[in-house]
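Structure file structure-v6.cif with mmCIF, C-alpha atoms:
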```cif
data_query
loop_
_atom_site.label_atom_id
_atom_site.label_comp_id
_atom_site.auth_asym_id
_atom_site.auth_seq_id
_atom_site.Cartn_x
_atom_site.Cartn_y
_atom_site.Cartn_z
CA ASP A 1 62.25 52.59 122.16
CA ALA A 2 66.02 52.74 122.35
CA GLY A 3 67.72 50.06 124.36
CA VAL A 4 70.87 50.55 126.37
CA THR A 5 73.30 52.75 124.47
CA GLN A 6 77.02 53.02 125.14
CA SER A 7 79.66 55.36 123.81
CA PRO A 8 82.17 55.21 122.38
CA THR A 9 82.11 51.79 120.74
CA HIS A 10 85.89 51.56 120.55
CA LEU A 11 88.67 53.36 122.35
CA ILE A 12 92.44 53.16 122.32
CA LYS A 13 94.47 54.55 125.21
CA THR A 14 98.01 54.26 126.51
CA ARG A 15 99.14 53.12 129.93
CA GLY A 16 98.71 55.71 132.67
CA GLN A 17 95.97 57.59 130.88
CA GLN A 18 92.42 58.08 132.12
CA VAL A 19 89.24 57.08 130.30
CA THR A 20 85.51 57.83 130.62
CA LEU A 21 82.86 55.52 129.21
CA ARG A 22 79.22 56.51 128.95
CA CYS A 23 75.92 54.67 129.19
CA SER A 24 72.29 55.62 128.67
CA PRO A 25 69.88 53.13 130.17
CA LYS A 26 66.81 51.73 128.53
CA SER A 27 63.79 54.00 128.78
CA GLY A 28 62.04 53.48 132.12
CA HIS A 29 65.07 51.99 133.84
CA ASP A 30 66.63 53.64 136.88
CA THR A 31 69.50 51.29 137.77
CA VAL A 32 72.77 50.96 135.90
CA SER A 33 75.41 48.27 136.37
CA TRP A 34 78.85 48.05 134.78
CA TYR A 35 80.68 44.87 133.84
CA GLN A 36 84.16 44.17 132.52
CA GLN A 37 84.57 41.33 130.03
CA ALA A 38 88.16 40.34 129.33
CA LEU A 39 88.91 38.33 126.20
CA GLY A 40 87.73 34.75 126.59
CA GLN A 41 86.07 35.40 129.92
CA GLY A 42 82.60 36.00 131.24
CA PRO A 43 81.59 39.49 132.34
CA GLN A 44 82.67 40.55 135.82
CA PHE A 45 80.59 42.93 137.94
CA ILE A 46 82.27 46.27 138.60
CA PHE A 47 79.55 48.26 140.37
CA GLN A 48 75.92 49.33 140.31
CA TYR A 49 74.33 52.77 140.55
CA TYR A 50 70.87 53.65 141.74
CA GLU A 51 69.57 57.08 142.81
CA GLU A 52 72.95 58.54 141.87
CA GLU A 53 74.78 56.45 144.45
CA GLU A 54 77.03 53.42 144.18
CA ARG A 55 75.01 50.61 145.75
CA GLN A 56 77.23 47.60 145.34
CA ARG A 57 80.76 47.04 144.17
CA GLY A 58 82.67 44.08 142.83
CA ASN A 59 86.32 43.27 143.37
CA PHE A 60 87.81 46.18 141.44
CA PRO A 61 90.35 48.74 142.65
CA ASP A 62 89.56 52.37 143.39
CA ARG A 63 90.96 53.31 139.99
CA PHE A 64 87.51 52.33 138.76
CA SER A 65 84.89 54.90 139.67
CA GLY A 66 81.52 55.90 138.39
CA HIS A 67 78.74 58.37 138.43
CA GLN A 68 75.03 58.40 137.78
CA PHE A 69 73.22 61.52 136.65
CA PRO A 70 69.66 62.65 137.47
CA ASN A 71 68.49 61.37 134.07
CA TYR A 72 69.81 57.89 135.11
CA SER A 73 72.66 57.88 132.59
CA SER A 74 76.01 56.80 133.93
CA GLU A 75 79.73 57.12 133.43
CA LEU A 76 82.53 54.71 134.20
CA ASN A 77 85.93 56.27 134.84
CA VAL A 78 89.19 54.38 134.94
CA ASN A 79 92.36 56.15 136.07
CA ALA A 80 96.00 55.17 135.62
CA LEU A 81 95.20 52.64 132.92
CA LEU A 82 97.03 49.34 132.90
CA LEU A 83 97.47 46.92 130.02
CA GLY A 84 95.20 44.53 131.92
CA ASP A 85 92.32 46.99 131.73
CA SER A 86 91.93 46.13 128.06
CA ALA A 87 88.47 44.59 127.81
CA LEU A 88 84.91 45.01 126.65
CA TYR A 89 83.02 47.17 129.13
CA LEU A 90 79.32 46.41 129.29
CA CYS A 91 76.61 48.55 130.75
CA ALA A 92 73.36 46.97 131.89
CA SER A 93 70.18 48.66 133.01
CA SER A 94 67.21 47.50 135.01
CA SER A 95 64.28 48.82 136.96
CA ARG A 96 63.82 48.51 140.70
CA ASP A 97 60.13 48.18 140.12
CA GLY A 98 60.45 45.91 137.13
CA ASP A 99 60.82 42.22 136.50
CA GLU A 100 64.49 42.00 137.42
CA LYS A 101 65.59 41.75 133.79
CA LEU A 102 68.96 43.17 132.91
CA PHE A 103 69.30 44.72 129.48
CA PHE A 104 72.85 45.01 128.18
CA GLY A 105 74.36 47.48 125.78
CA SER A 106 76.74 46.43 123.03
CA GLY A 107 79.71 47.58 125.05
CA THR A 108 82.80 49.73 124.68
CA GLN A 109 85.93 47.93 123.52
CA LEU A 110 88.88 49.49 125.36
CA SER A 111 92.40 48.77 124.22
CA VAL A 112 95.30 49.92 126.40
CA LEU A 113 98.67 50.04 124.64
CA ALA B 1 80.86 32.26 147.61
CA GLN B 2 78.72 32.30 144.52
CA SER B 3 80.24 30.80 141.40
CA VAL B 4 79.23 29.40 138.05
CA THR B 5 81.04 26.69 136.12
CA GLN B 6 80.58 26.01 132.43
CA PRO B 7 82.74 22.96 131.82
CA ASP B 8 82.61 23.07 128.03
CA ILE B 9 84.68 25.87 126.54
CA HIS B 10 83.86 25.02 122.94
CA ILE B 11 81.16 22.82 121.39
CA THR B 12 80.51 22.00 117.75
CA VAL B 13 77.20 20.55 116.60
CA SER B 14 75.66 19.89 113.20
CA GLU B 15 72.75 21.97 112.05
CA GLY B 16 69.51 20.22 113.02
CA ALA B 17 71.14 18.29 115.85
CA SER B 18 70.12 18.70 119.48
CA LEU B 19 72.15 20.79 121.87
CA GLU B 20 72.83 20.75 125.59
CA LEU B 21 75.11 23.28 127.27
CA ARG B 22 76.10 22.53 130.84
CA CYS B 23 76.06 24.90 133.78
CA ASN B 24 76.77 24.22 137.44
CA TYR B 25 76.42 26.81 140.15
CA SER B 26 77.39 27.33 143.75
CA TYR B 27 75.07 29.47 145.83
CA GLY B 28 73.97 29.38 149.44
CA ALA B 29 70.30 30.06 148.94
CA THR B 30 67.74 29.56 146.21
CA PRO B 31 69.51 30.87 143.14
CA TYR B 32 68.26 33.11 140.42
CA LEU B 33 69.65 31.63 137.23
CA PHE B 34 70.04 33.00 133.75
CA TRP B 35 71.28 32.10 130.31
CA TYR B 36 72.57 34.84 128.02
CA VAL B 37 73.81 34.70 124.44
CA GLN B 38 76.45 36.95 122.93
CA SER B 39 77.14 37.29 119.23
CA PRO B 40 80.51 38.69 118.12
CA GLY B 41 80.83 42.37 118.90
CA GLN B 42 77.48 42.47 120.61
CA GLY B 43 76.17 42.77 124.12
CA LEU B 44 74.37 40.04 126.00
CA GLN B 45 70.84 38.97 125.19
CA LEU B 46 68.74 37.20 127.79
CA LEU B 47 67.55 33.77 126.61
CA LEU B 48 65.71 32.70 129.76
CA LYS B 49 65.67 32.98 133.52
CA TYR B 50 64.67 30.90 136.52
CA PHE B 51 63.45 32.47 139.74
CA SER B 52 61.10 29.90 141.23
CA GLY B 53 58.28 27.53 140.34
CA ASP B 54 58.40 25.16 137.42
CA THR B 55 61.92 23.85 137.07
CA LEU B 56 61.67 23.63 133.27
CA VAL B 57 61.93 27.12 131.84
CA GLN B 58 61.12 28.10 128.28
CA GLY B 59 63.00 30.91 126.63
CA ILE B 60 63.32 32.71 123.34
CA LYS B 61 64.59 31.20 120.08
CA GLY B 62 63.37 27.71 121.06
CA PHE B 63 65.71 27.30 124.04
CA GLU B 64 64.79 25.74 127.36
CA ALA B 65 66.65 25.04 130.58
CA GLU B 66 66.02 22.77 133.53
CA PHE B 67 66.87 23.65 137.10
CA LYS B 68 68.03 20.63 139.12
CA ARG B 69 68.69 21.57 142.72
CA SER B 70 70.11 18.16 143.64
CA GLN B 71 72.78 18.52 140.96
CA SER B 72 73.24 22.31 141.28
CA SER B 73 72.75 22.47 137.54
CA PHE B 74 70.90 24.64 135.05
CA ASN B 75 71.61 23.13 131.64
CA LEU B 76 70.46 24.80 128.44
CA ARG B 77 68.89 22.72 125.69
CA LYS B 78 67.57 23.12 122.18
CA PRO B 79 66.06 20.23 120.18
CA SER B 80 67.25 21.38 116.77
CA VAL B 81 70.09 23.84 116.27
CA HIS B 82 70.09 26.44 113.49
CA TRP B 83 73.20 27.99 111.95
CA SER B 84 72.18 31.33 113.44
CA ASP B 85 72.60 29.86 116.94
CA ALA B 86 76.38 30.00 116.60
CA ALA B 87 77.47 32.36 119.37
CA GLU B 88 78.85 32.36 122.90
CA TYR B 89 76.53 31.32 125.71
CA PHE B 90 76.85 32.44 129.29
CA CYS B 91 75.21 31.01 132.38
CA ALA B 92 74.84 33.36 135.35
CA VAL B 93 73.61 33.34 138.93
CA GLY B 94 72.16 36.45 140.54
CA ALA B 95 71.18 37.82 143.91
CA TRP B 96 68.48 40.34 144.66
CA ASP B 97 68.18 43.01 147.28
CA GLY B 98 65.10 45.15 147.55
CA GLY B 99 63.72 44.05 144.23
CA ALA B 100 66.65 44.99 142.04
CA THR B 101 69.53 43.02 140.72
CA ASN B 102 72.60 43.35 142.89
CA LYS B 103 74.95 41.63 140.54
CA LEU B 104 75.26 38.64 138.27
CA ILE B 105 78.07 36.12 138.51
CA PHE B 106 78.85 34.74 135.07
CA GLY B 107 80.51 31.57 133.94
CA THR B 108 83.37 31.68 131.47
CA GLY B 109 81.07 30.88 128.58
CA THR B 110 80.65 28.13 125.99
CA LEU B 111 81.41 28.95 122.38
CA LEU B 112 78.99 27.15 120.06
CA ALA B 113 79.93 26.41 116.47
CA VAL B 114 77.34 25.00 114.06
CA GLN B 115 78.41 22.84 111.13
CA PRO B 116 76.28 22.79 107.96
#
```
Target encoding structure tokens, full file:
Amino acid sequence: DAGVTQSPTHLIKTRGQQVTLRCSPKSGHDTVSWYQQALGQGPQFIFQYYEEEERQRGNFPDRFSGHQFPNYSSELNVNALLLGDSALYLCASSSRDGDEKLFFGSGTQLSVL
Amino acid sequence: AQSVTQPDIHITVSEGASLELRCNYSYGATPYLFWYVQSPGQGLQLLLKYFSGDTLVQGIKGFEAEFKRSQSSFNLRKPSVHWSDAAEYFCAVGAWDGGATNKLIFGTGTLLAVQP
């Protein structure tokens, strides 16, 4: 049973570019959340998707957007990249009918130059 | 507003020694509390969680945590540390809506080093 998988594992972009990160949730999970973890910090909640809609959003600008597909996988898009967007982006999945556990992927390390 | 404070940025203990990592939270209602561990280059692994009931919670890898409402604390403990426990530890508080996690608020983490 595969856990939460994220791709790519590493990514290097330049300022102003756009990036798309991908996440496949754990089998049986229908809810996907995205977190940003800057160096030396704890993860910060970006947003959560359920039934292909954004359900809750953290304090992130509109440059951060997402999507959830019918198979529950999800994408995180960041436009007009800034140096400060350099971070580890973590995807977490859970089930609305489950035991409220969040399972995290290993993350995508984004470097903006 | 919800918040989590982990006052110790870095802790070093000797292998076999006991460990206590501190966590204080701010939350208006009964909190849902978690401890996660993160090894370098890895995602977060859940060690244990508290929702309600017994305030002493047992987790994986021999860890336990105690919820103390009067002190707004949820400290993580282990009686005997192993070298493989070296990692970063995050405390988090969560809120639920309709049976699913809305979001977790994480502390800034405590980096644990284990001396031989």
- prompt: Which is closer to chain B than all the others in A:Gln109, A:Thr20, A:Ser7, A:Ser86, using only C-alpha atoms?
  reply: A:Gln109
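Omitting Tyr35 of chain A and its sequence neighbours fewer than 4 positions away, and counting all atoms listed in the file, the residues within 9 Å are Pro43, Gln44, Phe45, Ile46, Phe47, Leu88, Tyr89, Leu90, Cys91 and Ala92 of chain A.
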Size and centre in Å, one decimal, axis-aligned box, all listed segment 93-111 of chain A atoms plus 6 Å per side, as lines of an AutoDock Vina configuration file:
```
center_x = 76.3
center_y = 45.7
center_z = 131.9
size_x = 44.3
size_y = 20.0
size_z = 29.7
```
query: When the PyMOL selection byres ((chain B) within 10 of (chain A)) is applied to the file above, which residues end up in the set, as a VMD selection string?
result: chain B and resid 9 34 38 to 46 48 to 49 51 88 to 92 94 96 to 111
- request: Identify, on the basis of only C-alpha atoms, every residue whose closest approach to segment 54-57 of chain B does not exceed 6 Å; exclude the query and any residue fewer than 3 positions from it along the same chain; express the result as a list in words.
  value: Glu64, Ala65, Glu66 and Phe67 of chain B
- request: May I have the residues within 9 Å of Arg69 of chain B as a PyMOL selection string, using all atoms listed in the file and disregarding those fewer than 4 positions away in the same chain?
  value: chain B and resi 30+73-74
Export C-alpha atoms of the chosen residues as a compact mmCIF listing (two decimals), keeping the file's coordinate frame?
```txt
# COMPACT_ATOMS: atom_id res chain seq x y z
CA THR B 30 67.74 29.56 146.21
CA SER B 73 72.75 22.47 137.54
CA PHE B 74 70.90 24.64 135.05
```
task: Can you work out the spacing between atom CA of Leu76 of chain B and atom CA of Lys26 of chain A in Å, to one decimal?
output: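 Taking atom CA of Leu76 of chain B as the start and atom CA of Lys26 of chain A as the end point, the length is 27.2 Å.
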Distance query Pro31 of chain B at most 9 Å, all atoms listed in the file, self and fewer than 6 positions along chain excluded, as a PyMOL selection string: chain B and resi 25+50-52+93-95
field: Local residues around (98.6, 51.7, 130.3), at most 8 Å away, using all atoms listed in the file, as a list in words
entry: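 The requested residues, written out, are Lys13, Thr14, Arg15, Gly16, Gln17, Ala80, Leu81, Leu82, Leu83, Asp85, Val112 and Leu113 of chain A.
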- request: Give me the result of the PyMOL selection byres ((chain B and resi 115) around 10) on this file, residue by residue, as a PyMOL selection string.
  value: chain B and resi 12-17+81-83+86+112-114+116
Å distance separating atom CA of Asp8 of chain B from atom CA of Gln71 of chain B, one decimal place: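 The value is 16.9 Å.
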- prompt: Which value, in Å to one decimal, gives the distance between atom CA of Glu51 of chain A and atom CA of His67 of chain A?
  reply: 10.2 Å
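Proximity of A:Glu53, A:Leu110, A:Leu11, A:Ala2 to His29 of chain A, computed with only C-alpha atoms, is greatest for A:Ala2.
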Pick from A:Glu52, A:Gln6, A:Pro61, A:Val19 nearest to Asn79 of chain A, counting all atoms listed in the file: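 Closest to Asn79 of chain A of all the choices is A:Val19.
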- prompt: Do you know which residues are at most 8 Å from Lys78 of chain B counting only C-alpha atoms, after dropping those on the same chain fewer than 5 positions away, and could you put them as a PyMOL selection string?
  reply: chain B and resi 18-20+62-64
For the residues in that selection, give me C-alpha atoms as a PDB file, keeping the file's coordinate frame.
```pdb
ATOM      1  CA  SER B  18      70.120  18.700 119.480  1.00  0.00           C
ATOM      2  CA  LEU B  19      72.150  20.790 121.870  1.00  0.00           C
ATOM      3  CA  GLU B  20      72.830  20.750 125.590  1.00  0.00           C
ATOM      4  CA  GLY B  62      63.370  27.710 121.060  1.00  0.00           C
ATOM      5  CA  PHE B  63      65.710  27.300 124.040  1.00  0.00           C
ATOM      6  CA  GLU B  64      64.790  25.740 127.360  1.00  0.00           C
TER       7      GLU B  64
END
```
